[in-house]
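First up is the structure itself, then whatever we jot down about it.
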Amino acid sequence: MNLIVWIFTHKLLVVLIAVIISLALSTIILAIENRKLRNEIDELIAKETNLTEMNKYRLPGMVKPILYELYFYPNLSTGLFKGKVDISVDILSTTDSISLHSHTLNIDNVHISSENGTYSLDQSYQLLTIRKTDQSNFTPGKENLQIEFSGDMKNRIVGLYTSSYKDANGESRRMATSKFEPTYARQAFPCFDEPNMKAKYKVHLLKPKDNSYIALSNFPVSNITDYDKENQLVSFEETVSMSTYLSCFIVSDFAHTETSFNNDGKMIPLKVYASPDNLQKTQYAGEVGKKVIEYYVNYFQIPYPLPKLDMVAIPDFVSGAMEHWGLVTYRETALLYTNTTHSTINKQRVTTVVAHELAHSWFGNLVTMNWWNDLWLNEGFASYIQYKGASAAEPTWGLLDQFMLDLHAALNFDSRLSSHPIVQTVLTPDQISEIFDLISYKKGASILRMLENTVKETTFQQAVKNYLNLYAYKNAITEDFLDEVQKLVGTVLNVKELMETFTVQMGYPILTVTRSGDEYTLTQKRFLADSTASFNKSDSAYRYRWSVPVTYITDLGKSSSFVLFNYNADSIKITRPTGAKWMKFNHDQIGYYRVNYPKAEWDDLIAHYGNFSVADRTHLLEEAFSIAEADLLDFEVPLELTKKLSAEFDYMPWSVAYIKLRSILNHLKWSGSDQEAAFKKYVIDIVSPAYNNFSWNETVDYSHLDRLARIEIFYLACLVDHEACLSEAQSYFNRWLKTRQPITPDLRRIIYSNGMKKANKTTWDALLEIYKNETDASERLKLMKGLTSIENEDILKKLLELAKDETLVRSQDFFSVVQFISINPSGTDLVWNWVRSNWDYLVHRFTLNDRYLGTLIPEITSTFATQERLTEIEEFFKEHPNAGAGVASRARALEKVKHNILWLSKNKKTVEKWIRKNSVL
Ligand code: BES
Ligand code: ZN
């Protein structure tokens with residue numbers, strides 16, 4: 001009775017208690033669910049680690065290197081080298097043999113602490129296994145392995161190799177240099193070639209006595225002694241503990257410019273090296289390097305850890321650049337800049353590559369991923385932090401906004417079934433080579449940007465600093481970093497779980513918005529470029545659902561924080577601020593997700609296009625097109641949006657527009673549409689105001705971003721046959737051929753390529769001569785772009801064969817030439833046929849481990865849109881089943897062509913109908 005009365009009089013309290021109890025219960029249930037999922041994930045991870053540990057490609061781990069005392073005797077005239085190494089190792093448990101890596105080396109002699117040893121080589125796992133002659137065991141403690149070896153530096157571009165260039169007198173000069181990441185240190189000296197086997201190095205390098213020759217390594221020179229009549233032995237200070245792939249050795253006759261940077265009060269020398277004729281082009285990289293590194297020292301609150309920093313432009317270099325600690329090496333095009341020869345794009349490339357490589361001094365070199373599975377801890381971080389560093393050096397370039405273009409590339413790549421999770425098990429050298437891809441770099445960087453925005457800048461910076469301090473000179477896994485973030489964030493947000501939904505599973509969500517009055521309801525599903533593609537949700541521990549920090553902007557302002565859309569929630573609701581006229585989600589496109597709206601909302605956003613920031617405008621364009629391409633939105637929506645471009649003058653929106661409009665144009669062209677010309681006419685209409693806004697001559701003092709915009713807009717105008725654009729390009733080209741008066745560097749590529757389109761054999765030969773005599777690497781590439789742009793197929797065919805000649809096209813540039821020709825509509829089929837009939841040649845020359853050979857196929861087939869072509873590709877893969885480092889690339893090529901075919905069946909009619917309505921021919 002009393003109870004009933006009590007309940008009756010305390011109605012409110014009872015309801016409250018009931019609510020609390022049910023809330024608590026549901027939290028407990030949720031927590032249990034979470035725990036279950038966590039366990040599943042842990043199991044998965046554990047399984048993968050076991051697999052890894054069992055794998056024969058991995059070293060057993062009971063022997064650890066401590067110090068490599070290393071002697072290299074490279075012979076520049078024969079292109080051969082000899083070496084000897086004394087490795088001090090720590091044996092952790094009793095073993096009958098010691099295995100380390102060695103590949104493409106001759107092993108001449110093995111001693112164990114001065115006694116003879118025996119050894120065997122295993123080609124397939126690239127292992128050298130050493131035993132004591134009397135077959136007795138190695139017992140725990142210290143031991144020394146002395147190995148003499150020799151090898152060949154010629155005809156290769158990884159490991160220890162020769163590179164050459166022509167000096168001012170046209171004479172060939174040779175150098176020896178090295179590039180080891182990820183698994184090529186073992187091609188230069190026997191070593192424990194895994195990133196978590198850090199050790200110190202004492203290096204001695206033989207160099208010609210001739211004073212013009214220098215020897216460089218990671219640390220400063222400590223001593224030079226005469227070795228024989230012609231040579232000296234250069235010894236270097238002992239290094240700090242570091243991974244094998246970061247060691248570097250150079251003997252060359254290079255010159256340098258010098259500056260220094262402030263390292264927490266102490267000045268550190270910064271030198272930029274290049275072949276002597278390129279010396280004056282090293283100045284800019286030095287200036288940028290100084291600013292960038294001083295910024296990093298301040299941002300990380302950790303001094304640059306080494307006593308010197310050298311940066312070197314290498315004439316033959318397989319990638320863009322490589323972060324060897326204290327001795328960073330670059331392709332010439334990524335380090336050399338001077339405003340009379342190089343374009344704004346070249347300049348920005350130098351700035352961002354320098355900023356990227358120097359970020360590795362902390363992310364990668366000081367703290368290194370434990371194994372290649374977590375490569376993104378190196379490359380994703382450097383790819384993100386580089387934007388901070390570069391924009392500290394060049395604050396007016398809008399670089400932080402420009403990041404979006406990397407984000408777009410990641411979203412595009414990651415919308416395919418052939419994508420992969422950021423954290424991915426890799427074992428073989430081919431697999432390791434293959435994950436140096438867009439996912440590790442650009443998706444990695446993109447989710448860090450989202451993380452920083454979610455936890456706020458200061459927390460992110462503090463977490464980064466704590467992580468670097470905690471793991472300095474050691475190795476880390478993804479969880480180690482996320483733990484540092486979580487510690488600072490506390491319990492208000494499970495940030496670790498949020499990030500894991502993006503690191504352990506591939507892909508990302510599209511949020512679908514519905515609206516009822518002021519209330520928006522958002523649901524999520526995996527976004528796929530082909531929305532009809534099927535996949536198995538249980539392949540992923542998070543079942544392809546993500547924890548998304550949702551942000552928005554309205555005409556009244558930005559959301560103050562984010563609304564969390566947890567991966568296990570069905571939907572979330574967000575209320576539109578009262579009085580707001582429009583509302584756009586994911587402001588400035590910082591989140592790694594897409595948002596689709598009802599048609600009326602899209603119309604609303606399009607109507608307000610002019611009110612948005614550059615980033616939001618860029619986002620809207622990219623989003624509308626990408627969602628329509630996936631058939632989740634009527635293609636009319638992005639096409640209507642392009643009408644707004646007639647009042648657009650900024651770089652980034654035009655950069656997105658260029659990609660998307662060119663893609664439509666390709667589809668129309670390849671399907672023989674009768675609307676191709678009408679579409680070009682429409683694009684001419686919308687690009688004309690922007691085109692007229694810029695001038696071809698250099699009298700105007702354009703800002704950096706305006707320069708980039710001009711290039712993009714001129715390119716687009718010429719692509720759609722804008723008459724004035726084509727005739728300007730042609731007349732500049734003709735005048736230049738006659739007078740050879742240098743053209744402004746920004747417009748050279750446009751002028752060379754458009755000027756050459758209709759050229760005859762005589763003109764082409766003339767350009768080839770100019771190319772042959774040109775020594776600047778960036779200018780050579782622009783000229784090559786011209787050579788590849790001719791419509792004449794016989795000449796293109798001839799060029800493909802000519803490109804095999806290394807004196808004409810360096811190995812590092814070979815695939816660029818092939819790709820340039822394939823972008824030329826007259827060359828697309830030609831390249832496809834040529835690559836198939838020259839496959840054995842390509843594999844022999846570059847090996848299947850070459851990641852550029854891997855990505856070649858998706859690149860040259862990316863516009864194919866017929867069943868016939870698809871079958872050809874499939875047959876080619878069947879004929880050549882071994883893909884090497886191109887396994888995922890092959891899958892990507894097939895998926896892309898299938899999607900192109902689908903595009904035509906779904907969108908061609910809509911697009912043609914829209915063109916008919918909107919273009920007057
Ligand atoms: N660590 C890489 C170099 C590398 C690339 C080694 C691929 C092994 C395989 C370096 O830091 C890098 O990322 N270089 C980029 C350029 C950079 C600015 C994105 C490259 O070479 O493409
Ligand atoms: Zn890198």
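Each chain in the structure tokens gets a letter, A, B, ..., in the order shown, and its residues are numbered from 1; ligands are numbered from 1 in order too.
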
List all protein, DNA and RNA residues that have at least one atom no more than 12 Å from any atom of ligand 2, counting only C-alpha atoms and all ligand atoms, and write them as an MDAnalysis selection string. chainID A and resid 181:182 246 319:324 328:330 352:365 368 375:386 436:438 440:442 444:445

I need the residues from that last selection saved to file as a short mmCIF file (atom, residue, chain, number, x, y, z; two decimals), in the first residue's frame (with N, CA and C atoms), if you can.
```cif
data_model
loop_
_atom_site.label_atom_id
_atom_site.label_comp_id
_atom_site.auth_asym_id
_atom_site.auth_seq_id
_atom_site.Cartn_x
_atom_site.Cartn_y
_atom_site.Cartn_z
N GLU A 181 65.51 1.28 -49.22
CA GLU A 181 64.16 0.97 -48.75
C GLU A 181 63.32 0.36 -49.88
N PRO A 182 62.53 -0.69 -49.61
CA PRO A 182 62.41 -1.34 -48.31
C PRO A 182 63.39 -2.50 -48.08
N LEU A 246 67.88 2.82 -43.78
CA LEU A 246 68.21 4.25 -43.71
C LEU A 246 69.67 4.55 -43.96
N SER A 319 62.84 6.44 -56.89
CA SER A 319 61.59 7.06 -56.44
C SER A 319 61.76 8.57 -56.46
N GLY A 320 60.84 9.29 -55.81
CA GLY A 320 60.94 10.75 -55.80
C GLY A 320 62.09 11.22 -54.92
N ALA A 321 62.20 10.59 -53.77
CA ALA A 321 63.23 10.95 -52.80
C ALA A 321 63.28 9.88 -51.73
N MET A 322 64.33 9.92 -50.92
CA MET A 322 64.47 8.91 -49.87
C MET A 322 65.14 9.53 -48.65
N GLU A 323 64.54 9.25 -47.49
CA GLU A 323 64.88 9.95 -46.26
C GLU A 323 66.10 9.44 -45.51
N HIS A 324 67.09 8.83 -46.18
CA HIS A 324 68.28 8.34 -45.47
C HIS A 324 68.67 9.38 -44.43
N VAL A 328 69.81 12.78 -47.13
CA VAL A 328 68.57 12.57 -47.88
C VAL A 328 68.85 12.68 -49.37
N THR A 329 68.39 11.69 -50.13
CA THR A 329 68.64 11.71 -51.58
C THR A 329 67.35 11.98 -52.35
N TYR A 330 67.50 12.65 -53.49
CA TYR A 330 66.34 13.06 -54.29
C TYR A 330 66.59 12.80 -55.76
N THR A 352 57.38 20.47 -51.23
CA THR A 352 56.66 19.43 -50.52
C THR A 352 57.50 18.16 -50.35
N VAL A 353 58.34 17.86 -51.33
CA VAL A 353 59.17 16.66 -51.17
C VAL A 353 60.20 16.87 -50.05
N VAL A 354 60.82 18.05 -50.03
CA VAL A 354 61.78 18.34 -48.94
C VAL A 354 61.05 18.24 -47.60
N ALA A 355 59.87 18.84 -47.52
CA ALA A 355 59.12 18.82 -46.25
C ALA A 355 58.76 17.39 -45.87
N HIS A 356 58.44 16.58 -46.85
CA HIS A 356 58.10 15.18 -46.60
C HIS A 356 59.31 14.42 -46.05
N GLU A 357 60.41 14.52 -46.76
CA GLU A 357 61.58 13.72 -46.36
C GLU A 357 62.11 14.16 -45.00
N LEU A 358 62.10 15.46 -44.75
CA LEU A 358 62.63 15.93 -43.47
C LEU A 358 61.71 15.54 -42.31
N ALA A 359 60.42 15.41 -42.58
CA ALA A 359 59.49 14.93 -41.53
C ALA A 359 59.88 13.52 -41.10
N HIS A 360 60.42 12.75 -42.04
CA HIS A 360 60.84 11.39 -41.72
C HIS A 360 61.97 11.34 -40.68
N SER A 361 62.72 12.43 -40.54
CA SER A 361 63.78 12.42 -39.53
C SER A 361 63.21 12.05 -38.16
N TRP A 362 61.95 12.43 -37.95
CA TRP A 362 61.26 12.05 -36.72
C TRP A 362 60.37 10.84 -36.97
N PHE A 363 59.45 10.99 -37.90
CA PHE A 363 58.51 9.91 -38.21
C PHE A 363 59.12 8.95 -39.20
N GLY A 364 59.73 7.90 -38.71
CA GLY A 364 60.33 6.93 -39.63
C GLY A 364 61.75 6.63 -39.20
N ASN A 365 62.51 7.70 -38.97
CA ASN A 365 63.92 7.47 -38.64
C ASN A 365 64.15 7.38 -37.13
N THR A 368 60.45 4.21 -35.78
CA THR A 368 60.25 3.46 -37.03
C THR A 368 59.15 2.44 -36.83
N LEU A 375 53.49 0.44 -42.24
CA LEU A 375 54.22 1.42 -43.04
C LEU A 375 53.60 2.82 -42.95
N TRP A 376 52.29 2.87 -42.76
CA TRP A 376 51.64 4.19 -42.73
C TRP A 376 52.16 5.06 -41.59
N LEU A 377 52.67 4.41 -40.51
CA LEU A 377 53.25 5.21 -39.42
C LEU A 377 54.42 6.03 -39.94
N ASN A 378 55.12 5.52 -40.94
CA ASN A 378 56.16 6.30 -41.61
C ASN A 378 55.55 7.23 -42.65
N GLU A 379 54.92 6.62 -43.66
CA GLU A 379 54.56 7.37 -44.86
C GLU A 379 53.30 8.22 -44.70
N GLY A 380 52.32 7.70 -43.97
CA GLY A 380 51.10 8.48 -43.75
C GLY A 380 51.41 9.72 -42.93
N PHE A 381 52.23 9.54 -41.90
CA PHE A 381 52.60 10.68 -41.06
C PHE A 381 53.41 11.71 -41.84
N ALA A 382 54.42 11.23 -42.55
CA ALA A 382 55.24 12.18 -43.32
C ALA A 382 54.36 12.90 -44.34
N SER A 383 53.42 12.16 -44.92
CA SER A 383 52.55 12.76 -45.94
C SER A 383 51.58 13.78 -45.34
N TYR A 384 51.31 13.66 -44.06
CA TYR A 384 50.48 14.68 -43.42
C TYR A 384 51.32 15.85 -42.90
N ILE A 385 52.35 15.50 -42.13
CA ILE A 385 53.18 16.53 -41.50
C ILE A 385 53.86 17.40 -42.57
N GLN A 386 54.12 16.84 -43.74
CA GLN A 386 54.78 17.61 -44.80
C GLN A 386 54.00 18.89 -45.13
N PHE A 436 53.72 0.51 -50.67
CA PHE A 436 54.09 1.93 -50.80
C PHE A 436 53.10 2.55 -51.79
N ASP A 437 51.87 2.65 -51.37
CA ASP A 437 50.83 3.08 -52.29
C ASP A 437 50.00 4.21 -51.69
N LEU A 438 49.00 4.60 -52.45
CA LEU A 438 48.12 5.69 -52.04
C LEU A 438 47.48 5.50 -50.67
N SER A 440 48.71 3.79 -47.92
CA SER A 440 49.66 4.09 -46.85
C SER A 440 49.97 5.58 -46.78
N TYR A 441 50.11 6.22 -47.93
CA TYR A 441 50.49 7.63 -47.97
C TYR A 441 49.27 8.54 -47.74
N LYS A 442 48.35 8.52 -48.68
CA LYS A 442 47.33 9.56 -48.69
C LYS A 442 46.12 9.25 -47.82
N GLY A 444 46.43 7.37 -45.18
CA GLY A 444 47.06 7.54 -43.87
C GLY A 444 47.06 9.00 -43.46
N ALA A 445 47.50 9.87 -44.37
CA ALA A 445 47.55 11.30 -44.07
C ALA A 445 46.14 11.85 -43.83
#
```

Report as a VMD selection string all protein, DNA and RNA residues lying within 8 Å of Thr177 in chain A, evaluated on only C-alpha atoms, omitting residues in the same chain fewer than 2 positions from it. chain A and resid 160 to 163 175 179 248 to 251

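Shortest atom-to-atom contact with Gly159 in chain A among A:Val318, A:Pro598, A:Ser688, A:Val288: A:Val318, counting only C-alpha atoms.
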
Just list as a PyMOL selection string whatever in range 769-823 of chain A DSSP marks as helix (DSSP H, G or I). chain A and resi 769-773+777-787+793-802+811-823

From a backbone DSSP assignment, name each residue in range 368-475 of chain A labelled strand (DSSP E or B), as a ChimeraX atom specification. /A:368-369,474-475

Write to file, as a PDB file, in the first residue's frame, the residues of the selection just made, with N, CA, C and O atoms.
```pdb
ATOM      1  N   THR A 368      60.449   4.208 -35.780  1.00  0.00           N
ATOM      2  CA  THR A 368      60.247   3.458 -37.025  1.00  0.00           C
ATOM      3  C   THR A 368      59.148   2.437 -36.825  1.00  0.00           C
ATOM      4  O   THR A 368      58.998   1.895 -35.727  1.00  0.00           O
ATOM      5  N   MET A 369      58.374   2.173 -37.888  1.00  0.00           N
ATOM      6  CA  MET A 369      57.370   1.116 -37.758  1.00  0.00           C
ATOM      7  C   MET A 369      58.076  -0.187 -37.430  1.00  0.00           C
ATOM      8  O   MET A 369      59.188  -0.422 -37.892  1.00  0.00           O
ATOM      9  N   LYS A 474      63.495   3.521 -31.236  1.00  0.00           N
ATOM     10  CA  LYS A 474      62.854   2.198 -31.152  1.00  0.00           C
ATOM     11  C   LYS A 474      61.819   2.077 -32.268  1.00  0.00           C
ATOM     12  O   LYS A 474      61.791   2.880 -33.183  1.00  0.00           O
ATOM     13  N   ASN A 475      60.966   1.072 -32.136  1.00  0.00           N
ATOM     14  CA  ASN A 475      59.956   0.819 -33.154  1.00  0.00           C
ATOM     15  C   ASN A 475      58.571   0.840 -32.534  1.00  0.00           C
ATOM     16  O   ASN A 475      58.424   0.644 -31.337  1.00  0.00           O
TER      17      ASN A 475
END
```

Nearest to ligand 1: which of A:Ser560, A:Gln348, A:Ser889, A:Ser811 is it, counting only C-alpha atoms and all ligand atoms? A:Gln348

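Taking CA of Gln867 in chain A and CA of Val897 in chain A as the two end points, the separation is 8.6 Å.
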